[in-house]
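> Provided below: model_32.cif, containing mmCIF, C-alpha atoms.
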```cif
data_query
loop_
_atom_site.label_atom_id
_atom_site.label_comp_id
_atom_site.auth_asym_id
_atom_site.auth_seq_id
_atom_site.Cartn_x
_atom_site.Cartn_y
_atom_site.Cartn_z
CA MET A 244 27.91 3.32 18.92
CA SER A 245 30.90 3.29 16.59
CA ALA A 246 33.71 5.79 17.01
CA ALA A 247 32.99 6.93 13.46
CA ALA A 248 29.67 8.43 14.56
CA PRO A 249 30.28 10.24 17.88
CA ARG A 250 27.39 12.67 17.37
CA LEU A 251 24.76 10.10 16.47
CA PRO A 252 23.28 9.67 20.00
CA ALA A 253 22.71 13.42 20.29
CA LEU A 254 21.20 13.55 16.80
CA LEU A 255 18.84 10.67 17.61
CA GLU A 256 17.75 12.47 20.78
CA ALA A 257 17.10 15.63 18.78
CA LEU A 258 15.18 13.59 16.22
CA GLY A 259 12.97 12.09 18.92
CA GLN A 260 12.12 15.57 20.16
CA ARG A 261 10.68 16.35 16.72
CA ALA A 262 7.92 13.78 17.17
CA PRO A 263 4.60 15.61 16.83
CA ARG A 264 1.81 15.37 19.34
CA GLY A 265 -0.40 14.93 16.28
CA MET A 266 0.34 14.10 12.67
CA VAL A 267 1.60 17.01 10.56
CA LEU A 268 1.15 16.51 6.82
CA GLY A 269 2.39 18.75 4.01
CA LEU A 270 5.18 19.13 1.49
CA ASP A 271 6.40 22.73 1.75
CA ARG A 272 8.95 22.24 4.53
CA VAL A 273 10.37 19.10 2.90
CA ARG A 274 10.72 20.77 -0.49
CA GLU A 275 12.44 23.78 1.12
CA ALA A 276 14.82 21.50 3.02
CA LEU A 277 15.67 19.41 -0.03
CA ALA A 278 16.33 22.53 -2.11
CA ALA A 279 18.80 23.72 0.54
CA LEU A 280 20.59 20.37 0.31
CA GLY A 281 20.85 20.33 -3.47
CA ASP A 282 17.62 18.41 -4.22
CA PRO A 283 19.01 14.93 -3.49
CA HIS A 284 15.64 13.35 -4.27
CA ALA A 285 15.93 14.47 -7.89
CA ALA A 286 19.14 12.45 -8.30
CA VAL A 287 17.62 9.08 -7.38
CA PRO A 288 15.32 7.01 -9.63
CA ALA A 289 12.44 5.88 -7.43
CA VAL A 290 9.45 3.61 -6.98
CA HIS A 291 6.70 4.99 -4.73
CA VAL A 292 4.30 2.67 -2.85
CA ALA A 293 1.15 3.54 -0.87
CA GLY A 294 -1.65 1.46 0.65
CA THR A 295 -3.42 0.68 3.89
CA ASN A 296 -1.72 -2.69 4.33
CA GLY A 297 0.90 -4.54 2.34
CA LYS A 298 2.95 -1.55 1.23
CA GLY A 299 5.93 -2.48 3.39
CA SER A 300 5.87 -6.06 2.12
CA VAL A 301 5.65 -4.88 -1.49
CA CYS A 302 8.57 -2.50 -0.93
CA ALA A 303 10.63 -5.33 0.58
CA MET A 304 9.82 -7.58 -2.38
CA VAL A 305 10.63 -4.94 -5.02
CA GLU A 306 13.90 -4.13 -3.25
CA SER A 307 14.82 -7.82 -3.09
CA ILE A 308 14.06 -8.28 -6.80
CA ALA A 309 16.11 -5.24 -7.78
CA ARG A 310 19.02 -6.36 -5.60
CA ALA A 311 18.86 -9.86 -7.10
CA ALA A 312 19.17 -8.16 -10.51
CA GLY A 313 22.43 -6.57 -9.42
CA LEU A 314 21.15 -3.06 -8.66
CA ARG A 315 22.39 -1.01 -5.72
CA THR A 316 19.18 -0.35 -3.85
CA GLY A 317 17.84 2.12 -1.33
CA LEU A 318 14.80 1.24 0.77
CA TYR A 319 12.88 3.75 2.90
CA THR A 320 10.13 2.35 5.13
CA SER A 321 8.38 3.08 8.39
CA PRO A 322 8.11 2.46 11.23
CA HIS A 323 11.21 0.73 12.54
CA LEU A 324 11.10 -2.12 15.03
CA SER A 325 14.28 -1.62 17.06
CA ARG A 326 16.55 1.05 15.58
CA PHE A 327 15.82 4.21 13.63
CA ALA A 328 18.40 3.21 11.02
CA GLU A 329 16.19 0.28 9.96
CA ARG A 330 14.05 2.81 8.09
CA ILE A 331 16.87 3.69 5.67
CA ARG A 332 18.56 0.70 4.00
CA VAL A 333 21.22 0.56 1.32
CA GLY A 334 21.96 -2.74 -0.36
CA GLY A 335 19.53 -4.50 1.95
CA GLU A 336 21.23 -3.39 5.17
CA PRO A 337 20.30 -0.61 7.63
CA LEU A 338 22.35 2.52 7.18
CA GLY A 339 25.67 2.40 9.02
CA ASP A 340 26.31 4.75 11.91
CA ALA A 341 28.62 7.14 10.04
CA ALA A 342 26.29 7.43 7.03
CA PHE A 343 23.25 7.81 9.30
CA GLU A 344 24.99 10.55 11.27
CA ALA A 345 25.87 12.45 8.08
CA ALA A 346 22.34 12.16 6.68
CA LEU A 347 20.65 13.11 9.96
CA SER A 348 22.91 16.06 10.59
CA ALA A 349 22.00 17.39 7.15
CA ALA A 350 18.27 16.98 7.80
CA LEU A 351 18.38 18.46 11.30
CA GLU A 352 21.03 21.15 11.04
CA ARG A 353 21.43 22.31 7.44
CA VAL A 354 17.85 23.15 6.51
CA PRO A 355 16.05 26.52 6.67
CA SER A 356 13.08 25.47 8.85
CA PRO A 357 12.71 22.79 11.54
CA LEU A 358 11.29 19.54 10.19
CA THR A 359 8.98 17.09 11.94
CA PHE A 360 10.21 13.63 12.93
CA PHE A 361 9.02 11.93 9.74
CA GLU A 362 10.03 14.82 7.50
CA ALA A 363 13.57 14.78 8.90
CA LEU A 364 13.93 11.04 8.32
CA THR A 365 12.55 11.38 4.79
CA VAL A 366 15.05 14.11 3.95
CA ALA A 367 17.82 12.05 5.56
CA ALA A 368 16.85 9.08 3.38
CA PHE A 369 17.15 11.09 0.19
CA VAL A 370 20.53 12.44 1.30
CA ALA A 371 21.74 8.95 2.18
CA PHE A 372 20.59 7.46 -1.12
CA ARG A 373 22.25 10.19 -3.15
CA ASP A 374 25.49 9.92 -1.20
CA ALA A 375 25.46 6.11 -1.54
CA GLY A 376 24.88 6.33 -5.29
CA VAL A 377 21.93 3.95 -5.32
CA ASP A 378 20.54 2.86 -8.69
CA LEU A 379 16.97 2.64 -7.43
CA ALA A 380 15.16 3.85 -4.30
CA ILE A 381 11.98 2.16 -3.13
CA LEU A 382 9.90 4.54 -1.00
CA GLU A 383 7.04 3.55 1.30
CA VAL A 384 4.45 6.22 2.04
CA GLY A 385 4.18 6.98 5.73
CA LEU A 386 0.53 8.03 5.91
CA GLY A 387 -1.95 8.65 3.11
CA GLY A 388 -0.05 9.78 0.05
CA ARG A 389 -1.06 13.18 -1.28
CA LEU A 390 0.46 15.15 1.61
CA ASP A 391 2.97 12.56 2.82
CA ALA A 392 6.56 13.82 3.01
CA THR A 393 7.69 11.16 0.52
CA ASN A 394 5.44 12.69 -2.16
CA VAL A 395 8.05 15.21 -3.22
CA ILE A 396 9.06 12.69 -5.91
CA ALA A 397 7.95 14.38 -9.14
CA ALA A 398 8.65 11.64 -11.68
CA PRO A 399 8.71 8.15 -10.15
CA LEU A 400 9.54 5.26 -12.45
CA CYS A 401 6.45 3.48 -11.14
CA THR A 402 3.86 3.91 -8.40
CA ALA A 403 1.81 1.28 -6.61
CA ILE A 404 -1.22 1.22 -4.32
CA THR A 405 -1.47 -2.11 -2.52
CA SER A 406 -4.81 -1.96 -0.71
CA ILE A 407 -7.48 0.40 0.60
CA ALA A 408 -9.13 -0.21 3.96
CA PHE A 409 -10.40 1.88 6.86
CA ASP A 410 -7.54 3.41 8.84
CA HIS A 411 -6.63 6.97 9.88
CA GLN A 412 -10.13 8.15 8.91
CA ALA A 413 -9.71 11.33 10.96
CA MET A 414 -6.96 12.43 8.57
CA LEU A 415 -7.79 10.66 5.33
CA GLY A 416 -11.58 10.83 5.30
CA PRO A 417 -14.55 8.70 6.42
CA THR A 418 -15.15 6.62 3.27
CA LEU A 419 -13.08 4.21 1.21
CA ALA A 420 -13.31 6.64 -1.70
CA ASP A 421 -11.90 9.46 0.46
CA ILE A 422 -9.03 7.28 1.64
CA ALA A 423 -8.36 6.05 -1.90
CA ARG A 424 -8.18 9.60 -3.26
CA GLU A 425 -5.62 10.56 -0.63
CA LYS A 426 -3.46 7.53 -1.41
CA ALA A 427 -3.85 8.15 -5.15
CA GLY A 428 -2.10 11.47 -4.57
CA ILE A 429 1.18 9.66 -5.35
CA LEU A 430 0.11 9.06 -8.98
CA LYS A 431 2.11 11.23 -11.37
CA PRO A 432 1.81 12.29 -15.02
CA GLY A 433 3.02 9.51 -17.31
CA ALA A 434 4.17 7.23 -14.49
CA PRO A 435 2.71 3.69 -14.67
CA ALA A 436 0.78 2.46 -11.64
CA VAL A 437 0.21 -1.02 -10.25
CA LEU A 438 -2.94 -1.50 -8.17
CA GLY A 439 -3.63 -4.32 -5.76
CA PRO A 440 -7.10 -5.85 -5.40
CA LEU A 441 -9.47 -3.00 -4.52
CA ALA A 442 -13.15 -2.57 -3.71
CA PRO A 443 -15.05 -0.98 -6.63
CA GLU A 444 -15.56 2.25 -4.67
CA ALA A 445 -11.83 2.63 -4.04
CA ASP A 446 -10.86 1.58 -7.56
CA ALA A 447 -13.20 4.16 -9.11
CA ALA A 448 -11.80 6.93 -6.90
CA ILE A 449 -8.22 6.05 -7.83
CA GLU A 450 -9.10 5.88 -11.51
CA SER A 451 -10.63 9.37 -11.36
CA VAL A 452 -7.41 10.75 -9.87
CA ALA A 453 -5.31 8.87 -12.43
CA LEU A 454 -7.27 10.42 -15.28
CA ALA A 455 -7.09 13.88 -13.74
CA VAL A 456 -3.29 13.82 -13.48
CA SER A 457 -2.71 11.91 -16.76
CA ALA A 458 -1.02 9.02 -14.96
CA GLY A 459 0.55 6.26 -17.00
CA PRO A 460 -1.09 2.89 -17.67
CA ARG A 461 -2.66 1.09 -14.73
CA LEU A 462 -1.91 -2.59 -14.14
CA ARG A 463 -4.35 -4.29 -11.77
CA VAL A 464 -3.82 -7.38 -9.62
CA ALA A 465 -6.80 -9.70 -9.30
CA ARG A 466 -7.72 -11.23 -5.99
CA ALA A 467 -6.05 -14.58 -5.42
CA GLY A 468 -7.84 -17.22 -7.46
CA ASP A 469 -9.32 -14.83 -10.04
CA ASP A 470 -7.94 -15.00 -13.57
CA GLY A 471 -7.05 -11.29 -13.65
CA GLY A 472 -8.99 -10.66 -16.84
CA ALA A 473 -7.48 -9.16 -19.95
CA GLY A 474 -4.50 -6.99 -19.11
CA GLY A 475 -4.42 -7.89 -15.41
CA ILE A 476 -2.09 -9.81 -13.12
CA ALA A 477 -3.40 -13.15 -11.82
CA VAL A 478 -2.06 -14.74 -8.66
CA GLY A 479 -2.91 -18.02 -6.99
CA ARG A 480 -1.60 -21.16 -5.41
CA ALA A 481 0.45 -23.39 -7.68
CA GLY A 482 -1.00 -26.89 -7.77
CA SER A 483 -3.11 -28.46 -5.03
CA GLY A 484 -0.66 -28.28 -2.16
CA GLY A 485 2.48 -26.61 -0.87
CA ARG A 486 3.30 -22.94 -0.52
CA ALA A 487 4.26 -22.12 -4.10
CA THR A 488 2.52 -19.16 -5.73
CA ARG A 489 1.76 -18.81 -9.43
CA ILE A 490 1.92 -15.32 -10.95
CA ALA A 491 0.90 -14.45 -14.50
CA GLY A 492 1.05 -11.02 -16.11
CA PRO A 493 -0.36 -9.63 -19.34
CA GLY A 494 1.70 -10.68 -22.32
CA ARG A 495 4.16 -12.55 -20.11
CA GLY A 496 4.54 -16.18 -19.21
CA ALA A 497 3.46 -17.37 -15.80
CA PHE A 498 6.04 -18.35 -13.23
CA GLU A 499 5.89 -20.19 -9.90
CA VAL A 500 7.79 -19.31 -6.76
CA GLU A 501 7.75 -20.12 -3.06
CA LEU A 502 7.55 -16.66 -1.53
CA GLY A 503 10.01 -15.65 1.13
CA LEU A 504 7.24 -13.80 2.99
CA ARG A 505 4.70 -16.05 4.64
CA GLY A 506 0.92 -15.87 4.47
CA ALA A 507 -1.64 -16.37 1.72
CA HIS A 508 -2.16 -12.60 1.54
CA GLN A 509 1.43 -12.20 0.34
CA ALA A 510 0.45 -13.71 -3.01
CA GLU A 511 -1.43 -10.51 -3.87
CA ASN A 512 1.47 -8.39 -2.60
CA ALA A 513 3.80 -10.46 -4.79
CA GLY A 514 1.51 -9.73 -7.73
CA VAL A 515 1.89 -6.00 -7.10
CA ALA A 516 5.67 -6.33 -6.72
CA SER A 517 5.83 -8.34 -9.95
CA GLY A 518 3.85 -5.65 -11.76
CA VAL A 519 6.30 -3.02 -10.55
CA ALA A 520 9.24 -5.20 -11.63
CA TRP A 521 7.78 -5.63 -15.11
CA GLN A 522 7.47 -1.85 -15.40
CA LEU A 523 11.12 -1.45 -14.39
CA ALA A 524 12.35 -4.18 -16.73
CA GLY A 525 12.26 -1.82 -19.70
CA ARG A 526 15.07 0.12 -18.03
CA TRP A 527 16.82 -2.84 -16.39
CA PRO A 528 16.05 -6.09 -18.29
CA ALA A 529 17.78 -8.17 -15.61
CA ILE A 530 14.95 -7.34 -13.22
CA GLU A 531 12.49 -9.58 -15.04
CA ARG A 532 14.92 -12.50 -14.95
CA ALA A 533 15.49 -11.88 -11.22
CA LEU A 534 11.79 -11.91 -10.32
CA PRO A 535 11.51 -15.48 -8.92
CA ALA A 536 14.79 -15.32 -7.02
CA GLY A 537 13.99 -11.89 -5.59
CA LEU A 538 10.53 -12.90 -4.39
CA ALA A 539 11.92 -16.06 -2.81
CA ALA A 540 14.66 -14.15 -1.00
CA ALA A 541 12.50 -11.29 0.31
CA ARG A 542 12.42 -10.86 4.08
CA TRP A 543 10.42 -8.38 6.18
CA PRO A 544 11.03 -8.52 9.95
CA GLY A 545 7.99 -8.71 12.20
CA ARG A 546 5.62 -9.99 9.52
CA LEU A 547 4.67 -13.58 10.31
CA GLU A 548 8.23 -13.92 11.60
CA ARG A 549 9.03 -17.05 13.60
CA ILE A 550 11.61 -16.90 16.37
CA ASP A 551 12.70 -19.88 18.46
CA ALA A 552 12.74 -18.82 22.12
CA SER A 553 13.68 -21.31 24.83
CA GLY A 554 12.46 -24.15 22.64
CA ALA A 555 9.10 -22.52 21.96
CA GLN A 556 8.00 -21.00 18.68
CA VAL A 557 7.07 -17.32 18.85
CA LEU A 558 5.29 -15.76 15.88
CA LEU A 559 5.58 -11.98 15.56
CA ASP A 560 3.16 -10.16 13.30
CA CYS A 561 2.70 -6.42 12.88
CA ALA A 562 -1.06 -6.78 12.41
CA HIS A 563 -2.19 -3.47 13.93
CA ASN A 564 -5.56 -2.87 12.27
CA PRO A 565 -8.55 -5.07 11.31
CA HIS A 566 -7.29 -5.70 7.78
CA GLY A 567 -3.97 -6.97 9.12
CA ALA A 568 -5.67 -9.04 11.82
CA GLU A 569 -7.83 -10.68 9.18
CA ALA A 570 -4.71 -11.79 7.28
CA LEU A 571 -3.13 -13.15 10.48
CA ALA A 572 -6.32 -15.01 11.37
CA ALA A 573 -6.39 -16.60 7.92
CA TRP A 574 -2.79 -17.75 8.33
CA LEU A 575 -3.52 -19.24 11.75
CA ASP A 576 -6.50 -21.14 10.32
CA GLU A 577 -4.36 -22.58 7.54
CA GLU A 578 -0.96 -23.12 9.12
CA GLY A 579 -1.34 -22.68 12.87
CA PRO A 580 -1.38 -25.56 15.38
CA GLY A 581 -5.00 -24.91 16.41
CA PRO A 582 -6.48 -22.84 19.25
CA ALA A 583 -5.71 -25.42 21.95
CA ARG A 584 -1.97 -25.08 21.31
CA THR A 585 -1.90 -21.34 20.57
CA ALA A 586 -1.32 -18.50 23.04
CA LEU A 587 -1.99 -14.90 22.02
CA VAL A 588 -0.09 -11.95 23.50
CA PHE A 589 -2.15 -8.94 22.44
CA GLY A 590 -1.93 -5.20 22.97
CA ALA A 591 -3.06 -2.39 20.69
CA MET A 592 -3.16 1.37 20.38
CA ALA A 593 -6.40 2.94 21.58
CA ASP A 594 -6.98 4.69 18.25
CA LYS A 595 -6.96 1.45 16.25
CA GLY A 596 -9.85 -0.96 15.70
CA TRP A 597 -8.70 -3.17 18.54
CA GLY A 598 -12.14 -4.59 19.30
CA GLU A 599 -12.62 -5.87 15.77
CA MET A 600 -9.04 -7.14 15.70
CA LEU A 601 -9.46 -9.07 18.92
CA GLN A 602 -12.77 -10.55 17.80
CA MET A 603 -10.92 -12.10 14.88
CA LEU A 604 -7.82 -13.26 16.76
CA ALA A 605 -9.24 -14.38 20.13
CA PRO A 606 -11.01 -17.51 18.79
CA ARG A 607 -7.69 -18.67 17.33
CA ALA A 608 -6.00 -18.87 20.76
CA GLN A 609 -7.23 -20.70 23.83
CA ARG A 610 -4.93 -18.67 26.07
CA ARG A 611 -4.87 -14.88 25.79
CA LEU A 612 -2.51 -12.52 27.62
CA TYR A 613 -3.18 -8.78 27.42
CA VAL A 614 -0.46 -6.16 27.57
CA THR A 615 0.14 -2.42 27.36
CA PRO A 616 2.60 -1.60 24.56
CA GLN A 617 4.93 1.36 24.76
CA GLY A 618 4.20 4.36 22.58
CA ARG A 619 1.09 6.48 22.56
CA ALA A 620 -2.11 5.63 24.48
CA ALA A 621 -2.86 1.91 24.49
CA ALA A 622 -6.22 0.18 24.55
CA PRO A 623 -7.16 -0.46 28.24
CA ILE A 624 -6.61 -4.05 29.27
CA GLU A 625 -10.00 -4.26 30.99
CA ALA A 626 -11.64 -3.18 27.74
CA LEU A 627 -9.81 -5.98 25.94
CA ARG A 628 -11.06 -8.48 28.52
CA GLN A 629 -14.62 -7.38 27.86
CA VAL A 630 -14.20 -8.37 24.21
CA ALA A 631 -12.66 -11.76 25.05
CA PRO A 632 -11.57 -13.19 28.44
CA GLY A 633 -7.84 -13.10 29.02
CA GLU A 634 -5.06 -12.64 31.56
CA PRO A 635 -4.27 -8.99 32.47
CA ILE A 636 -0.47 -8.97 32.42
CA GLY A 637 0.50 -5.45 31.36
CA ASP A 638 4.24 -5.83 30.72
CA PRO A 639 4.90 -7.42 27.29
CA GLY A 640 8.11 -9.13 28.36
CA THR A 641 6.39 -10.79 31.31
CA ALA A 642 3.50 -11.88 29.13
CA VAL A 643 5.72 -13.45 26.48
CA ALA A 644 7.80 -15.23 29.13
CA ARG A 645 4.67 -16.70 30.73
CA ALA A 646 3.29 -17.73 27.36
CA ILE A 647 6.56 -19.47 26.52
CA GLU A 648 6.64 -21.24 29.88
CA GLY A 649 3.14 -22.58 29.34
CA ALA A 650 3.51 -23.40 25.65
CA ALA A 651 2.19 -26.80 24.63
CA PRO A 652 4.47 -29.16 22.68
CA GLY A 653 4.33 -28.07 19.08
CA GLY A 654 2.46 -24.97 20.14
CA LEU A 655 2.78 -21.35 19.09
CA VAL A 656 2.98 -18.04 20.93
CA VAL A 657 1.50 -15.30 18.72
CA VAL A 658 2.35 -11.67 19.44
CA ALA A 659 0.23 -9.07 17.60
CA GLY A 660 -1.84 -5.91 17.84
CA SER A 661 0.72 -3.11 17.72
CA ILE A 662 3.92 -2.40 15.82
CA TYR A 663 5.31 -0.87 19.03
CA LEU A 664 4.62 -4.21 20.74
CA ILE A 665 6.36 -6.22 18.02
CA GLY A 666 9.41 -3.96 18.16
CA GLU A 667 9.67 -4.28 21.92
CA VAL A 668 9.28 -8.06 21.98
CA ARG A 669 11.51 -8.69 18.97
CA SER A 670 14.31 -6.59 20.44
CA ALA A 671 14.14 -8.56 23.69
CA LEU A 672 14.03 -11.98 22.02
CA LEU A 673 16.96 -11.24 19.70
CA GLY A 674 19.05 -9.28 22.20
CA ILE A 675 18.93 -6.05 20.21
CA ALA A 676 19.52 -2.79 22.10
CA PRO A 677 16.63 -0.65 20.84
CA ASP A 678 16.65 3.06 20.27
CA PRO A 679 14.29 5.06 22.54
CA VAL A 680 10.60 4.65 21.75
CA VAL A 681 9.07 7.67 20.00
CA ALA A 682 5.30 7.96 20.21
CA LEU A 683 3.85 9.03 16.87
#
```
Represent the structure from my file as structure tokens, please.


Amino acid sequence: MSAAAPRLPALLEALGQRAPRGMVLGLDRVREALAALGDPHAAVPAVHVAGTNGKGSVCAMVESIARAAGLRTGLYTSPHLSRFAERIRVGGEPLGDAAFEAALSAALERVPSPLTFFEALTVAAFVAFRDAGVDLAILEVGLGGRLDATNVIAAPLCTAITSIAFDHQAMLGPTLADIAREKAGILKPGAPAVLGPLAPEADAAIESVALAVSAGPRLRVARAGDDGGAGGIAVGRAGSGGRATRIAGPGRGAFEVELGLRGAHQAENAGVASGVAWQLAGRWPAIERALPAGLAAARWPGRLERIDASGAQVLLDCAHNPHGAEALAAWLDEEGPGPARTALVFGAMADKGWGEMLQMLAPRAQRRLYVTPQGRAAAPIEALRQVAPGEPIGDPGTAVARAIEGAAPGGLVVVAGSIYLIGEVRSALLGIAPDPVVAL
């Protein structure tokens, strides 16, 4: 810890103690806190992104595009992998210790009522972005949208909803339409919205909310390979081979780019990010020119991220629900070395769809090692073994080490199932001293 931030360890400990035993949604405490701090959120132009999966990738892409255009950017995402400061980035880098200390002390000590863990970090992000004088903040919704702490933004420059799938049904509702309505809570009067490929039920629910709040024009991304129709964004593979993606928007010429983020599913996320960039180009024309370079330069740790470890290739992916596992499985089918040369280190939270996830991933790996991630209650290892046979290891570090030792030439060790797991393994592989784990 730098000498410039002597109080940061104590503040981080206090922050960890704010972690709820259950999710607490609502906007009143955040609005009260921001008012006491001079409404820093009102001073920062913002893009607001929700969705079941893909929202973090879209945020990373939009931030990279804006930075390539010369803007000073702020990026607020969750969760972190190793350090709390990863959630609040300025100019592409995690907040420095001194700035993080100043922002956290404001959120924890200068507000009228105690904030929850996520609320405090959200308030800290707005304080940090105002103090850093960012030109544009890109905000990722934590959970849902309507009652998420980030939804204090009254007039975003653009909103986006990347995808709708089943997750957090206990809080968001049992149907896709229920979940979609909650996520559509970020739509605002007059603000344009970009929508990723959605099931008809979800699309109709979002459209009803958009009409009710008089949201701005909606720009829809077609599924990869579709033409997008009139007024839509079409994405697809460029040519018959390679990794280049072709993106075409309404009234704009198509362009081709090799995306910095791996996986076929990132083409649709790139379509959403491009739609957001086109909406921002009216204010900052350089953003449209920076689109290809920004998409090519985008990075998002822990998402199909390859790390060389003792000569073996380890692939880290934050697939932590069935929708994410499906995308990982598709990547393994297309670019993986095949089941015989793939080992899977898998552990998941008990409240996720771990059985469905494992059914998709297990056939892609001949060797499977099951672990118990840190954080809240994990899926029991014996239950995992009932879905697909595997080695009951428990400790993630031990499992990864054994998988590396037994890796076939040209093989791949895949780590997936929980964001907590990815954070733990990534920190160990890269020699990062992680902050204490907070179970949310």

> Which one of A:Gly637, A:Pro440, A:Pro582, A:Gly494 sits closest to Ala513 of chain A if you count only C-alpha atoms?

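For Ala513 of chain A, the nearest of the given residues is A:Pro440.
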
> Using Å and a single decimal, report how far atom CA of Val456 of chain A sits from atom CA of Val305 of chain A.

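Answer for the atom CA of Val305 of chain A to atom CA of Val456 of chain A separation: 24.8 Å.
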
> Run the PyMOL selection byres ((chain A and resi 321-330) around 7) on the file and write out the hits as JSON, numbers by chain.

{"A": [319, 320, 331, 332, 337, 338, 343, 385, 665, 666, 670, 677, 678]}

> Using the chain letters and numbers from the file, which residues does the PyMOL selection byres ((chain A and resi 447) around 12) grab, as number ranges by chain?

A: 407, 419-424, 427, 438, 441-446, 448-454

> Care to translate the PyMOL selection byres ((chain A and resi 401) around 9) into actual residues of this file, as a short mmCIF file (atom, residue, chain, number, x, y, z; two decimals) with C-alpha atoms, in the coordinates of the input?


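selection-v7.cif, freshly written:
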```cif
data_model
loop_
_atom_site.label_atom_id
_atom_site.label_comp_id
_atom_site.auth_asym_id
_atom_site.auth_seq_id
_atom_site.Cartn_x
_atom_site.Cartn_y
_atom_site.Cartn_z
CA ALA A 289 12.44 5.88 -7.43
CA VAL A 290 9.45 3.61 -6.98
CA HIS A 291 6.70 4.99 -4.73
CA VAL A 292 4.30 2.67 -2.85
CA ALA A 398 8.65 11.64 -11.68
CA PRO A 399 8.71 8.15 -10.15
CA LEU A 400 9.54 5.26 -12.45
CA THR A 402 3.86 3.91 -8.40
CA ALA A 403 1.81 1.28 -6.61
CA LEU A 430 0.11 9.06 -8.98
CA LYS A 431 2.11 11.23 -11.37
CA ALA A 434 4.17 7.23 -14.49
CA PRO A 435 2.71 3.69 -14.67
CA ALA A 436 0.78 2.46 -11.64
CA VAL A 437 0.21 -1.02 -10.25
CA GLY A 459 0.55 6.26 -17.00
CA VAL A 519 6.30 -3.02 -10.55
CA GLN A 522 7.47 -1.85 -15.40
CA LEU A 523 11.12 -1.45 -14.39
#
```
